[in-house]
Every structure is written in structure tokens, then in C-alpha cells.
Amino acid sequence: MSAYRGRFAPSPTGPLHFGSLIAALASFLDARAAGGEWIVRIEDVDESRTVPGAGDAILRQLEAFGFEWDGAVAWQSRRTHLYEAALARLRAQGLIYRCRCSRREIADSALHGVEGAIYPGTCRALGVDPSTPGADRLLVAGATLAFDDRVQGRISQDVTREIGDFVLKRRDALHAYQLAVVVDDADQGITDVVRGADLLHSTPRQVLLQRLLGFATLRYLYFPVATHESGEKLSKQTLAAAADDREAVALLGAGLRFLGQEAPDAAAPREILRHAIAGWSPDAIPRRTELAVGAASAGNRGV
Ligand code: GLU
């Protein structure tokens, strides 16, 4: 096994909540159990969604929950030159075109796939002048991509048919998550991505970009996304409560149980994490893409 370097990459759209705490926990434990490094990257590339102060609040919460990361925290908003350079490399290969379609036009003319509208390729052959307002899309050709996830098994996707040419730089000039994450993972020497299965369908796009940019493909581990009993994802959008420092011990225990791990009987966050690293068992993570929090805490894997 090559040296392990993992990451936790929250978007600063609000404080850490139970769902993102699980992402921190799983990525941290997998890295430390492998004797690897674990870095934190604040994914504030989408300035329109960034909440001022949320990135710092997340870092304070991570500290209060006993997490220790390696090196300096990276902020995507300070790394846009790297995304622009990668885009220029793809453009030089003739793989980028300007798309002037509005969201409404795409929604009206497109089929709908796993991630919403499949771009029908309207602007692909139009040679729209790059000075025209619009988005930069990647020309996706004949790309069925497959990868083996450590929990979910083999995942394959025909990116052309299921996603279509996707946006790398938005109409508002912000770089897209798919581009930023691939560039950062490569630039930061990441070997392993451990994150929630809501991003499972993004991986083939990321693997495709890695290949086109000459980057190594990473190892992936997707754990189930925490949902409410109703099946709704626990996210900042559904106003999941901020993970309260005073509840750190209980929340770490619940997070470990959610991941199918034993929750050590310890009184301090760092001690819990130390035991959890020693006991980390990725094979015990429920092999599903969604799991209700109540079911996990009750010890019911719901498989
Ligand atoms: N920033 C993304 C999020 O908070 C995670 C991206 C990733 O782990 O690749 O949902």
C-alpha cells in the first residue's frame, strides 16, 4: 500500500453538524488507522454559498472534537490560479467549449439523470466565442468510467449518457466543484477519499478529469449518508443542528455507531478517537448509500 494521505473537505456553508462530523470522523480514522496523514481543506470555491465565518467555526469545532490535522489548512478561494491552469491545459487539448445556454433552456430540452438535467450538447459544435457570457463545459466523449469503492463495490457510469458535457467554470466565473476537487486532491498528494455516498455519482466525472489531466486515480471509500427517519438528508440546508462542543463525547459515540464501529467508553474526545483509531474496521461500515440516524444509533444496520 502506498503512503496514505487523506482529507476532510467541508464546504463552509454553516457549522459542522452530525452529517459532516461523520465525514470528518470516517476520513480521520481511516487515515490514522493506516498510519497516514490527514489534512483539512475548506471548500469555499463556491462563494455564492459560503457563509462568512463558517470555515473558522468548523476548524474550532474540529479542535473541540479532538481532531488534529497535518499541515496548514487549505482554502480553495486562495487556489483559483491552480484551477485556471488546469482549465487552460484542458482547453489546449480542445476539450473545453463555451456554453451560452441558460439553466431554463437546459431544463426544458434535457433528459433527467442521476444528477438532474443531462446537458444535450446544444453548444458543443457551435463554436461560441469565448467572450460570450456563459459557462465552460468539458467535452465528454465515449466515457464509461468504473472504479471499485471500498464499501459500495464496483460503480460504473456512462458519463456521456448519464451526465453529459459538464461545467468546469460557471457563468458567474466561479470554478466548479468537480474541477477544484480534482486539482486539489492531486496537488495536495491525496491518495484516499473517504466521504458520504451523496458524492458517489460525482466520482466518474472526477476520475475522467484525473485521466485527462494526467493525475493518479485515488482510492475511494463511500459511507452511507445520514438521513432523518423520513429519508431526508441531514444537511445544513435541512437545518441539521450544529454539532455542539459540549456534546462532543455523545456525538462522537453516535457517529461511530452510525459507521458500524464500537463506541469506546471514554470521557474525553481525544481518548475516544485514540480508541476508535485502534478499533477502526472499514468492513463494518454499512454497505448502503443512505442510513437513518435513529436506525444506526439503535444498532440496527437496516441492511
Ligand atoms: N465540499 C464537499 C461537501 O462538503 C465535499 C467534497 C469532497 O469531499 O470531495 O459536501
# chains A, B, ... in the order shown; residues from 1 in each chain; ligands from 1

$ residues_near_ligand --ligand "ligand 1" --cutoff "6 Å" --atoms "only C-alpha atoms and all ligand atoms" --output "ChimeraX atom specification"
/A:9-11,43,181,195

$ write_last_selection --atoms "N, CA, C and O atoms" --output "PDB file, in the first residue's frame"
ATOM      1  N   ALA A   9     -12.919  17.688   3.628  1.00  0.00           N
ATOM      2  CA  ALA A   9     -13.052  18.855   2.753  1.00  0.00           C
ATOM      3  C   ALA A   9     -14.435  19.488   2.856  1.00  0.00           C
ATOM      4  O   ALA A   9     -15.224  19.443   1.908  1.00  0.00           O
ATOM      5  N   PRO A  10     -14.745  20.081   4.010  1.00  0.00           N
ATOM      6  CA  PRO A  10     -16.095  20.645   4.171  1.00  0.00           C
ATOM      7  C   PRO A  10     -16.298  21.932   3.373  1.00  0.00           C
ATOM      8  O   PRO A  10     -15.363  22.700   3.172  1.00  0.00           O
ATOM      9  N   SER A  11     -17.537  22.134   2.937  1.00  0.00           N
ATOM     10  CA  SER A  11     -17.913  23.413   2.338  1.00  0.00           C
ATOM     11  C   SER A  11     -18.393  24.303   3.480  1.00  0.00           C
ATOM     12  O   SER A  11     -19.228  23.867   4.284  1.00  0.00           O
ATOM     13  N   GLU A  43     -13.599  24.032   1.460  1.00  0.00           N
ATOM     14  CA  GLU A  43     -14.016  24.130   0.053  1.00  0.00           C
ATOM     15  C   GLU A  43     -14.954  25.323  -0.143  1.00  0.00           C
ATOM     16  O   GLU A  43     -16.171  25.181  -0.280  1.00  0.00           O
ATOM     17  N   VAL A 181     -11.953  20.096  -6.922  1.00  0.00           N
ATOM     18  CA  VAL A 181     -11.654  18.954  -6.054  1.00  0.00           C
ATOM     19  C   VAL A 181     -10.590  18.049  -6.693  1.00  0.00           C
ATOM     20  O   VAL A 181      -9.686  17.552  -6.010  1.00  0.00           O
ATOM     21  N   ARG A 195     -15.696   9.788   1.934  1.00  0.00           N
ATOM     22  CA  ARG A 195     -16.750  10.805   2.025  1.00  0.00           C
ATOM     23  C   ARG A 195     -18.115  10.143   1.867  1.00  0.00           C
ATOM     24  O   ARG A 195     -18.221   8.958   1.551  1.00  0.00           O
TER      25      ARG A 195
END

$ residues_around --residues "A:Leu168" --least-positions-apart "3" --cutoff "10 Å" --atoms "only C-alpha atoms" --output "number ranges by chain"
A: 83-84, 87, 96, 135-138, 165, 171, 173-180

$ write_last_selection --atoms "N, CA, C and O atoms" --output "mmCIF file, in the first residue's frame"
data_model
loop_
_atom_site.group_PDB
_atom_site.id
_atom_site.type_symbol
_atom_site.label_atom_id
_atom_site.label_comp_id
_atom_site.auth_asym_id
_atom_site.auth_seq_id
_atom_site.Cartn_x
_atom_site.Cartn_y
_atom_site.Cartn_z
ATOM 1 N N TYR A 83 -6.815 26.120 -10.497
ATOM 2 C CA TYR A 83 -7.970 25.641 -11.269
ATOM 3 C C TYR A 83 -7.914 26.230 -12.681
ATOM 4 O O TYR A 83 -8.215 25.558 -13.662
ATOM 5 N N GLU A 84 -7.492 27.495 -12.756
ATOM 6 C CA GLU A 84 -7.410 28.167 -14.053
ATOM 7 C C GLU A 84 -6.337 27.490 -14.916
ATOM 8 O O GLU A 84 -6.528 27.285 -16.117
ATOM 9 N N LEU A 87 -7.677 24.240 -16.257
ATOM 10 C CA LEU A 87 -8.649 24.533 -17.314
ATOM 11 C C LEU A 87 -7.913 24.868 -18.618
ATOM 12 O O LEU A 87 -8.303 24.413 -19.701
ATOM 13 N N ILE A 96 -12.544 21.979 -24.117
ATOM 14 C CA ILE A 96 -13.416 22.936 -23.429
ATOM 15 C C ILE A 96 -14.168 23.770 -24.460
ATOM 16 O O ILE A 96 -13.580 24.206 -25.448
ATOM 17 N N ALA A 135 -20.906 29.488 -19.646
ATOM 18 C CA ALA A 135 -20.102 28.569 -18.833
ATOM 19 C C ALA A 135 -19.110 27.835 -19.728
ATOM 20 O O ALA A 135 -19.321 27.737 -20.935
ATOM 21 N N ASP A 136 -18.033 27.326 -19.125
ATOM 22 C CA ASP A 136 -17.100 26.474 -19.865
ATOM 23 C C ASP A 136 -17.406 25.024 -19.541
ATOM 24 O O ASP A 136 -17.397 24.614 -18.372
ATOM 25 N N ARG A 137 -17.691 24.260 -20.581
ATOM 26 C CA ARG A 137 -18.009 22.843 -20.395
ATOM 27 C C ARG A 137 -16.896 21.947 -20.907
ATOM 28 O O ARG A 137 -16.197 22.297 -21.862
ATOM 29 N N LEU A 138 -16.814 20.767 -20.302
ATOM 30 C CA LEU A 138 -15.869 19.747 -20.762
ATOM 31 C C LEU A 138 -16.558 18.882 -21.800
ATOM 32 O O LEU A 138 -17.688 18.415 -21.580
ATOM 33 N N ASP A 165 -21.843 16.659 -21.162
ATOM 34 C CA ASP A 165 -20.728 17.601 -21.008
ATOM 35 C C ASP A 165 -20.993 18.439 -19.757
ATOM 36 O O ASP A 165 -22.039 19.071 -19.650
ATOM 37 N N ARG A 171 -20.974 30.273 -15.338
ATOM 38 C CA ARG A 171 -21.300 31.555 -15.965
ATOM 39 C C ARG A 171 -20.870 32.729 -15.076
ATOM 40 O O ARG A 171 -20.467 33.774 -15.568
ATOM 41 N N ALA A 173 -18.268 32.873 -13.400
ATOM 42 C CA ALA A 173 -16.794 32.826 -13.364
ATOM 43 C C ALA A 173 -16.225 32.026 -12.191
ATOM 44 O O ALA A 173 -15.013 31.990 -11.990
ATOM 45 N N LEU A 174 -17.073 31.378 -11.414
ATOM 46 C CA LEU A 174 -16.544 30.535 -10.332
ATOM 47 C C LEU A 174 -16.208 29.159 -10.894
ATOM 48 O O LEU A 174 -16.934 28.638 -11.750
ATOM 49 N N HIS A 175 -15.112 28.586 -10.420
ATOM 50 C CA HIS A 175 -14.742 27.246 -10.876
ATOM 51 C C HIS A 175 -15.684 26.232 -10.227
ATOM 52 O O HIS A 175 -16.091 26.390 -9.076
ATOM 53 N N ALA A 176 -15.990 25.197 -10.988
ATOM 54 C CA ALA A 176 -16.924 24.197 -10.478
ATOM 55 C C ALA A 176 -16.231 23.285 -9.471
ATOM 56 O O ALA A 176 -15.026 23.022 -9.553
ATOM 57 N N TYR A 177 -17.032 22.772 -8.541
ATOM 58 C CA TYR A 177 -16.540 21.817 -7.536
ATOM 59 C C TYR A 177 -15.758 20.675 -8.183
ATOM 60 O O TYR A 177 -14.676 20.309 -7.716
ATOM 61 N N GLN A 178 -16.285 20.087 -9.283
ATOM 62 C CA GLN A 178 -15.644 18.912 -9.894
ATOM 63 C C GLN A 178 -14.200 19.214 -10.292
ATOM 64 O O GLN A 178 -13.307 18.377 -10.120
ATOM 65 N N LEU A 179 -13.975 20.386 -10.823
ATOM 66 C CA LEU A 179 -12.620 20.755 -11.246
ATOM 67 C C LEU A 179 -11.739 21.025 -10.020
ATOM 68 O O LEU A 179 -10.631 20.502 -9.903
ATOM 69 N N ALA A 180 -12.255 21.840 -9.109
ATOM 70 C CA ALA A 180 -11.455 22.235 -7.947
ATOM 71 C C ALA A 180 -11.030 21.019 -7.123
ATOM 72 O O ALA A 180 -9.868 20.897 -6.714
#

$ residues_around --residues "stretch 22-26 of chain A" --least-positions-apart "6" --cutoff "10 Å" --atoms "only C-alpha atoms" --output "mmCIF file with N, CA and C atoms, in the first residue's frame"
data_model
loop_
_atom_site.group_PDB
_atom_site.id
_atom_site.type_symbol
_atom_site.label_atom_id
_atom_site.label_comp_id
_atom_site.auth_asym_id
_atom_site.auth_seq_id
_atom_site.Cartn_x
_atom_site.Cartn_y
_atom_site.Cartn_z
ATOM 1 N N ARG A 7 -8.107 13.326 3.459
ATOM 2 C CA ARG A 7 -8.534 14.705 3.682
ATOM 3 C C ARG A 7 -9.983 14.769 4.121
ATOM 4 N N PHE A 8 -10.276 15.887 4.811
ATOM 5 C CA PHE A 8 -11.653 16.253 5.116
ATOM 6 C C PHE A 8 -11.851 17.594 4.434
ATOM 7 N N ALA A 9 -12.919 17.688 3.628
ATOM 8 C CA ALA A 9 -13.052 18.855 2.753
ATOM 9 C C ALA A 9 -14.435 19.488 2.856
ATOM 10 N N PRO A 10 -14.745 20.081 4.010
ATOM 11 C CA PRO A 10 -16.095 20.645 4.171
ATOM 12 C C PRO A 10 -16.298 21.932 3.373
ATOM 13 N N LEU A 16 -20.283 22.672 11.444
ATOM 14 C CA LEU A 16 -20.276 21.208 11.380
ATOM 15 C C LEU A 16 -21.558 20.692 12.049
ATOM 16 N N TRP A 38 -3.611 13.310 7.504
ATOM 17 C CA TRP A 38 -4.997 13.764 7.325
ATOM 18 C C TRP A 38 -4.978 15.284 7.266
ATOM 19 N N VAL A 40 -6.983 19.074 6.218
ATOM 20 C CA VAL A 40 -8.292 19.736 6.146
ATOM 21 C C VAL A 40 -8.234 20.792 5.049
ATOM 22 N N LEU A 62 -13.749 21.233 14.996
ATOM 23 C CA LEU A 62 -12.890 20.044 14.833
ATOM 24 C C LEU A 62 -11.929 19.927 16.009
ATOM 25 N N PHE A 65 -13.605 18.732 19.071
ATOM 26 C CA PHE A 65 -13.961 17.315 18.984
ATOM 27 C C PHE A 65 -12.725 16.415 18.985
ATOM 28 N N PHE A 67 -9.979 16.429 16.977
ATOM 29 C CA PHE A 67 -9.270 16.113 15.721
ATOM 30 C C PHE A 67 -7.992 16.934 15.604
ATOM 31 N N VAL A 194 -12.417 9.640 1.460
ATOM 32 C CA VAL A 194 -13.437 8.991 2.293
ATOM 33 C C VAL A 194 -14.527 10.029 2.496
ATOM 34 N N ARG A 195 -15.696 9.788 1.934
ATOM 35 C CA ARG A 195 -16.750 10.805 2.025
ATOM 36 C C ARG A 195 -18.115 10.143 1.867
ATOM 37 N N GLY A 196 -19.167 10.942 2.044
ATOM 38 C CA GLY A 196 -20.533 10.434 2.021
ATOM 39 C C GLY A 196 -20.980 10.055 0.625
ATOM 40 N N LEU A 221 -13.656 5.516 -0.587
ATOM 41 C CA LEU A 221 -14.500 4.829 0.398
ATOM 42 C C LEU A 221 -15.720 5.728 0.632
ATOM 43 N N TYR A 222 -16.877 5.218 0.256
ATOM 44 C CA TYR A 222 -18.124 5.968 0.448
ATOM 45 C C TYR A 222 -18.949 5.342 1.553
ATOM 46 N N PHE A 223 -19.177 6.124 2.603
ATOM 47 C CA PHE A 223 -20.027 5.641 3.685
ATOM 48 C C PHE A 223 -21.453 6.167 3.446
ATOM 49 N N PRO A 224 -22.470 5.538 4.075
ATOM 50 C CA PRO A 224 -23.838 5.986 3.825
ATOM 51 C C PRO A 224 -24.072 7.417 4.305
ATOM 52 N N VAL A 225 -24.922 8.100 3.609
ATOM 53 C CA VAL A 225 -25.296 9.451 4.018
ATOM 54 C C VAL A 225 -26.313 9.354 5.143
ATOM 55 N N ALA A 226 -26.129 10.162 6.168
ATOM 56 C CA ALA A 226 -27.075 10.165 7.288
ATOM 57 C C ALA A 226 -28.360 10.860 6.868
ATOM 58 N N LEU A 251 -21.764 12.786 20.724
ATOM 59 C CA LEU A 251 -21.876 12.847 19.266
ATOM 60 C C LEU A 251 -20.832 11.965 18.583
ATOM 61 N N LEU A 252 -19.609 11.921 19.151
ATOM 62 C CA LEU A 252 -18.588 11.029 18.572
ATOM 63 C C LEU A 252 -19.042 9.573 18.697
ATOM 64 N N ALA A 254 -22.147 8.489 18.815
ATOM 65 C CA ALA A 254 -23.239 8.251 17.854
ATOM 66 C C ALA A 254 -22.676 8.147 16.436
ATOM 67 N N GLY A 255 -21.667 8.971 16.123
ATOM 68 C CA GLY A 255 -21.044 8.923 14.799
ATOM 69 C C GLY A 255 -20.370 7.579 14.561
ATOM 70 N N LEU A 256 -19.686 7.077 15.593
ATOM 71 C CA LEU A 256 -19.013 5.778 15.465
ATOM 72 C C LEU A 256 -20.032 4.660 15.263
ATOM 73 N N PHE A 258 -22.953 4.963 14.003
ATOM 74 C CA PHE A 258 -23.509 5.133 12.648
ATOM 75 C C PHE A 258 -22.613 4.443 11.621
ATOM 76 N N LEU A 259 -21.293 4.519 11.848
ATOM 77 C CA LEU A 259 -20.333 3.916 10.910
ATOM 78 C C LEU A 259 -20.105 2.428 11.186
ATOM 79 N N LEU A 273 -11.211 9.122 20.196
ATOM 80 C CA LEU A 273 -10.604 8.999 18.866
ATOM 81 C C LEU A 273 -9.431 8.022 18.888
ATOM 82 N N ALA A 276 -10.815 4.673 18.885
ATOM 83 C CA ALA A 276 -11.524 4.408 17.623
ATOM 84 C C ALA A 276 -10.534 4.139 16.485
ATOM 85 N N ILE A 277 -9.366 4.787 16.537
ATOM 86 C CA ILE A 277 -8.340 4.516 15.516
ATOM 87 C C ILE A 277 -7.893 3.049 15.643
ATOM 88 N N TRP A 280 -10.642 0.721 14.361
ATOM 89 C CA TRP A 280 -11.285 1.063 13.070
ATOM 90 C C TRP A 280 -11.426 -0.150 12.159
ATOM 91 N N PRO A 282 -13.204 -0.758 8.590
ATOM 92 C CA PRO A 282 -13.992 -0.299 7.437
ATOM 93 C C PRO A 282 -14.993 -1.355 6.977
ATOM 94 N N ILE A 285 -18.609 -0.925 8.095
ATOM 95 C CA ILE A 285 -19.434 0.202 7.631
ATOM 96 C C ILE A 285 -20.611 -0.374 6.836
#

$ select_by_dssp --residues "stretch 64-233 of chain A" --states "alpha helix (DSSP H)" --output "tab-separated table (two decimals) with N, CA, C and O atoms, in the first residue's frame"
chain	number	residue	atom	x	y	z
A	64	ALA	N	-12.33	21.14	19.03
A	64	ALA	CA	-13.08	20.79	20.25
A	64	ALA	C	-13.47	19.30	20.26
A	64	ALA	O	-13.61	18.70	21.32
A	80	THR	N	-7.43	29.56	-6.76
A	80	THR	CA	-8.11	29.60	-8.06
A	80	THR	C	-7.12	29.59	-9.23
A	80	THR	O	-7.47	29.14	-10.32
A	81	HIS	N	-5.89	30.08	-8.99
A	81	HIS	CA	-4.89	30.04	-10.09
A	81	HIS	C	-4.61	28.59	-10.52
A	81	HIS	O	-4.34	28.33	-11.69
A	82	LEU	N	-4.69	27.66	-9.58
A	82	LEU	CA	-4.44	26.25	-9.93
A	82	LEU	C	-5.58	25.72	-10.80
A	82	LEU	O	-5.35	24.94	-11.73
A	83	TYR	N	-6.81	26.12	-10.50
A	83	TYR	CA	-7.97	25.64	-11.27
A	83	TYR	C	-7.91	26.23	-12.68
A	83	TYR	O	-8.21	25.56	-13.66
A	84	GLU	N	-7.49	27.50	-12.76
A	84	GLU	CA	-7.41	28.17	-14.05
A	84	GLU	C	-6.34	27.49	-14.92
A	84	GLU	O	-6.53	27.29	-16.12
A	85	ALA	N	-5.23	27.11	-14.29
A	85	ALA	CA	-4.14	26.45	-15.05
A	85	ALA	C	-4.60	25.09	-15.58
A	85	ALA	O	-4.31	24.71	-16.72
A	86	ALA	N	-5.37	24.35	-14.77
A	86	ALA	CA	-5.86	23.04	-15.23
A	86	ALA	C	-6.85	23.23	-16.38
A	86	ALA	O	-6.82	22.48	-17.37
A	87	LEU	N	-7.68	24.24	-16.26
A	87	LEU	CA	-8.65	24.53	-17.31
A	87	LEU	C	-7.91	24.87	-18.62
A	87	LEU	O	-8.30	24.41	-19.70
A	88	ALA	N	-6.83	25.63	-18.49
A	88	ALA	CA	-6.06	26.01	-19.68
A	88	ALA	C	-5.46	24.77	-20.33
A	88	ALA	O	-5.40	24.66	-21.57
A	89	ARG	N	-5.05	23.81	-19.51
A	89	ARG	CA	-4.48	22.56	-20.08
A	89	ARG	C	-5.54	21.78	-20.85
A	89	ARG	O	-5.28	21.22	-21.90
A	90	LEU	N	-6.74	21.75	-20.31
A	90	LEU	CA	-7.83	21.03	-20.99
A	90	LEU	C	-8.24	21.79	-22.26
A	90	LEU	O	-8.52	21.18	-23.30
A	91	ARG	N	-8.20	23.12	-22.17
A	91	ARG	CA	-8.56	23.93	-23.34
A	91	ARG	C	-7.56	23.69	-24.46
A	91	ARG	O	-7.93	23.55	-25.63
A	92	ALA	N	-6.28	23.58	-24.09
A	92	ALA	CA	-5.24	23.35	-25.09
A	92	ALA	C	-5.43	21.99	-25.79
A	92	ALA	O	-4.98	21.80	-26.92
A	103	ARG	N	-30.00	28.05	-17.67
A	103	ARG	CA	-30.46	26.91	-16.88
A	103	ARG	C	-31.85	26.45	-17.37
A	103	ARG	O	-32.13	25.28	-17.51
A	104	ARG	N	-32.70	27.44	-17.63
A	104	ARG	CA	-34.07	27.16	-18.08
A	104	ARG	C	-34.06	26.42	-19.42
A	104	ARG	O	-34.76	25.43	-19.61
A	105	GLU	N	-33.22	26.91	-20.37
A	105	GLU	CA	-33.15	26.25	-21.68
A	105	GLU	C	-32.72	24.79	-21.53
A	105	GLU	O	-33.25	23.90	-22.18
A	106	ILE	N	-31.75	24.58	-20.66
A	106	ILE	CA	-31.26	23.20	-20.47
A	106	ILE	C	-32.36	22.34	-19.85
A	106	ILE	O	-32.66	21.25	-20.32
A	107	ALA	N	-33.01	22.88	-18.82
A	107	ALA	CA	-34.06	22.12	-18.14
A	107	ALA	C	-35.18	21.76	-19.12
A	107	ALA	O	-35.73	20.66	-19.08
A	108	ASP	N	-35.49	22.68	-20.03
A	108	ASP	CA	-36.59	22.44	-20.97
A	108	ASP	C	-36.25	21.41	-22.03
A	108	ASP	O	-37.13	20.73	-22.55
A	109	SER	N	-34.96	21.31	-22.38
A	109	SER	CA	-34.63	20.47	-23.53
A	109	SER	C	-33.93	19.17	-23.14
A	109	SER	O	-33.66	18.34	-23.99
A	159	VAL	N	-20.59	8.48	-18.51
A	159	VAL	CA	-20.67	9.92	-18.23
A	159	VAL	C	-21.33	10.67	-19.39
A	159	VAL	O	-22.10	11.61	-19.18
A	160	THR	N	-21.08	10.22	-20.60
A	160	THR	CA	-21.70	10.89	-21.76
A	160	THR	C	-23.22	10.82	-21.67
A	160	THR	O	-23.90	11.83	-21.83
A	161	ARG	N	-23.72	9.62	-21.41
A	161	ARG	CA	-25.17	9.45	-21.44
A	161	ARG	C	-25.86	9.83	-20.15
A	161	ARG	O	-26.99	10.28	-20.14
A	162	GLU	N	-25.16	9.64	-19.02
A	162	GLU	CA	-25.84	9.86	-17.74
A	162	GLU	C	-25.64	11.28	-17.20
A	162	GLU	O	-26.41	11.74	-16.36
A	177	TYR	N	-17.03	22.77	-8.54
A	177	TYR	CA	-16.54	21.82	-7.54
A	177	TYR	C	-15.76	20.67	-8.18
A	177	TYR	O	-14.68	20.31	-7.72
A	178	GLN	N	-16.28	20.09	-9.28
A	178	GLN	CA	-15.64	18.91	-9.89
A	178	GLN	C	-14.20	19.21	-10.29
A	178	GLN	O	-13.31	18.38	-10.12
A	179	LEU	N	-13.97	20.39	-10.82
A	179	LEU	CA	-12.62	20.76	-11.25
A	179	LEU	C	-11.74	21.02	-10.02
A	179	LEU	O	-10.63	20.50	-9.90
A	180	ALA	N	-12.26	21.84	-9.11
A	180	ALA	CA	-11.45	22.23	-7.95
A	180	ALA	C	-11.03	21.02	-7.12
A	180	ALA	O	-9.87	20.90	-6.71
A	181	VAL	N	-11.95	20.10	-6.92
A	181	VAL	CA	-11.65	18.95	-6.05
A	181	VAL	C	-10.59	18.05	-6.69
A	181	VAL	O	-9.69	17.55	-6.01
A	182	VAL	N	-10.66	17.88	-8.01
A	182	VAL	CA	-9.68	17.02	-8.69
A	182	VAL	C	-8.29	17.67	-8.66
A	182	VAL	O	-7.29	17.01	-8.38
A	183	VAL	N	-8.25	18.96	-8.92
A	183	VAL	CA	-6.96	19.67	-8.91
A	183	VAL	C	-6.37	19.65	-7.50
A	183	VAL	O	-5.18	19.36	-7.31
A	184	ASP	N	-7.19	19.93	-6.50
A	184	ASP	CA	-6.67	19.97	-5.13
A	184	ASP	C	-6.21	18.61	-4.64
A	184	ASP	O	-5.16	18.49	-4.02
A	185	ASP	N	-7.01	17.58	-4.91
A	185	ASP	CA	-6.61	16.24	-4.45
A	185	ASP	C	-5.26	15.87	-5.05
A	185	ASP	O	-4.39	15.33	-4.37
A	186	ALA	N	-5.05	16.19	-6.33
A	186	ALA	CA	-3.78	15.86	-6.98
A	186	ALA	C	-2.66	16.75	-6.42
A	186	ALA	O	-1.60	16.26	-6.02
A	187	ASP	N	-2.91	18.05	-6.36
A	187	ASP	CA	-1.87	18.98	-5.92
A	187	ASP	C	-1.45	18.70	-4.47
A	187	ASP	O	-0.29	18.88	-4.11
A	203	THR	N	-18.00	10.77	-8.71
A	203	THR	CA	-16.68	10.16	-8.84
A	203	THR	C	-16.29	9.87	-10.28
A	203	THR	O	-15.16	10.18	-10.67
A	204	PRO	N	-17.18	9.29	-11.12
A	204	PRO	CA	-16.75	9.06	-12.51
A	204	PRO	C	-16.31	10.35	-13.21
A	204	PRO	O	-15.32	10.35	-13.95
A	205	ARG	N	-16.97	11.47	-12.94
A	205	ARG	CA	-16.51	12.74	-13.52
A	205	ARG	C	-15.12	13.10	-13.02
A	205	ARG	O	-14.28	13.61	-13.75
A	206	GLN	N	-14.90	12.82	-11.74
A	206	GLN	CA	-13.59	13.17	-11.16
A	206	GLN	C	-12.49	12.25	-11.70
A	206	GLN	O	-11.38	12.70	-11.99
A	207	VAL	N	-12.84	10.97	-11.88
A	207	VAL	CA	-11.85	10.03	-12.44
A	207	VAL	C	-11.53	10.43	-13.88
A	207	VAL	O	-10.37	10.40	-14.32
A	208	LEU	N	-12.56	10.83	-14.63
A	208	LEU	CA	-12.35	11.27	-16.01
A	208	LEU	C	-11.41	12.48	-16.04
A	208	LEU	O	-10.44	12.51	-16.82
A	209	LEU	N	-11.66	13.45	-15.19
A	209	LEU	CA	-10.79	14.63	-15.15
A	209	LEU	C	-9.36	14.27	-14.74
A	209	LEU	O	-8.39	14.79	-15.29
A	210	GLN	N	-9.25	13.34	-13.78
A	210	GLN	CA	-7.90	12.90	-13.38
A	210	GLN	C	-7.15	12.35	-14.59
A	210	GLN	O	-5.97	12.66	-14.80
A	211	ARG	N	-7.84	11.54	-15.38
A	211	ARG	CA	-7.17	10.93	-16.55
A	211	ARG	C	-6.79	12.00	-17.56
A	211	ARG	O	-5.68	11.98	-18.10
A	212	LEU	N	-7.70	12.92	-17.83
A	212	LEU	CA	-7.42	13.93	-18.85
A	212	LEU	C	-6.28	14.86	-18.42
A	212	LEU	O	-5.56	15.39	-19.24
A	213	LEU	N	-6.15	15.04	-17.10
A	213	LEU	CA	-5.10	15.93	-16.60
A	213	LEU	C	-3.82	15.17	-16.23
A	213	LEU	O	-2.85	15.76	-15.76

$ closest_residue --among "A:Asp30, A:Glu63, A:Gln76, A:Val151" --to "A:Asp46" --atoms "only C-alpha atoms"
A:Gln76

$ select_by_dssp --residues "stretch 4-85 of chain A" --states "strand (DSSP E)" --output "count of residues only"
12

$ residues_around --residues "A:Gly279" --least-positions-apart "5" --cutoff "12 Å" --atoms "only C-alpha atoms" --output "ChimeraX atom specification"
/A:29-30,32-34,256,260-264,272-274,284

$ write_last_selection --atoms "C-alpha atoms" --output "short mmCIF file (atom, residue, chain, number, x, y, z; two decimals), in the first residue's frame"
data_model
loop_
_atom_site.label_atom_id
_atom_site.label_comp_id
_atom_site.auth_asym_id
_atom_site.auth_seq_id
_atom_site.Cartn_x
_atom_site.Cartn_y
_atom_site.Cartn_z
CA LEU A 29 -10.00 7.29 11.38
CA ASP A 30 -9.26 5.67 8.03
CA ARG A 32 -4.81 7.45 11.12
CA ALA A 33 -5.52 3.70 11.24
CA ALA A 34 -3.38 3.39 8.09
CA LEU A 256 -19.01 5.78 15.46
CA GLY A 260 -20.82 0.42 12.35
CA GLN A 261 -17.96 0.87 14.83
CA GLU A 262 -17.88 0.26 18.53
CA ALA A 263 -18.16 3.43 20.59
CA PRO A 264 -15.40 3.32 23.24
CA ILE A 272 -12.42 8.29 22.10
CA LEU A 273 -10.60 9.00 18.87
CA ARG A 274 -7.49 7.17 20.05
CA ALA A 284 -18.18 -2.92 9.44
#

$ atom_distance --atom1 "atom CA of A:Ala241" --atom2 "atom CA of A:Gly294"
15.1 Å

$ atom_distance --atom1 "atom CA of A:Thr217" --atom2 "atom CA of A:Gly94"
22.3 Å

$ residues_around --residues "A:Leu218" --least-positions-apart "6" --cutoff "7 Å" --atoms "only C-alpha atoms" --output "count of residues only"
3

$ residues_around --residues "A:Ile163" --least-positions-apart "4" --cutoff "10 Å" --atoms "only C-alpha atoms" --output "list in words"
Leu111, His112, Gly113, Val114, Glu115, Gly116, Ala117, Ile118, Tyr119, Pro120, Val140, Gln157, Asp158, Val159, His201, Ser202, Pro204 and Arg205 of chain A

$ closest_residue --among "A:Val249, A:Ala146, A:Ala240, A:Ala267" --to "A:Phe18" --atoms "only C-alpha atoms"
A:Ala240

$ residues_around --residues "A:Pro130" --least-positions-apart "4" --cutoff "10 Å" --atoms "only C-alpha atoms" --output "ChimeraX atom specification"
/A:97-100,134-136

$ write_last_selection --atoms "N, CA and C atoms" --output "CSV table (one decimal), in the first residue's frame"
chain,number,residue,atom,x,y,z
A,97,TYR,N,-15.4,24.0,-24.2
A,97,TYR,CA,-16.2,24.9,-25.1
A,97,TYR,C,-17.1,25.8,-24.3
A,98,ARG,N,-17.3,27.0,-24.9
A,98,ARG,CA,-18.2,27.9,-24.2
A,98,ARG,C,-19.7,27.6,-24.5
A,99,CYS,N,-20.5,27.6,-23.4
A,99,CYS,CA,-21.9,27.2,-23.5
A,99,CYS,C,-22.7,28.4,-23.0
A,100,ARG,N,-23.6,28.9,-23.9
A,100,ARG,CA,-24.4,30.1,-23.5
A,100,ARG,C,-25.8,29.7,-23.1
A,134,GLY,N,-21.2,33.0,-20.5
A,134,GLY,CA,-21.6,31.6,-20.5
A,134,GLY,C,-20.7,30.8,-19.6
A,135,ALA,N,-20.9,29.5,-19.6
A,135,ALA,CA,-20.1,28.6,-18.8
A,135,ALA,C,-19.1,27.8,-19.7
A,136,ASP,N,-18.0,27.3,-19.1
A,136,ASP,CA,-17.1,26.5,-19.9
A,136,ASP,C,-17.4,25.0,-19.5
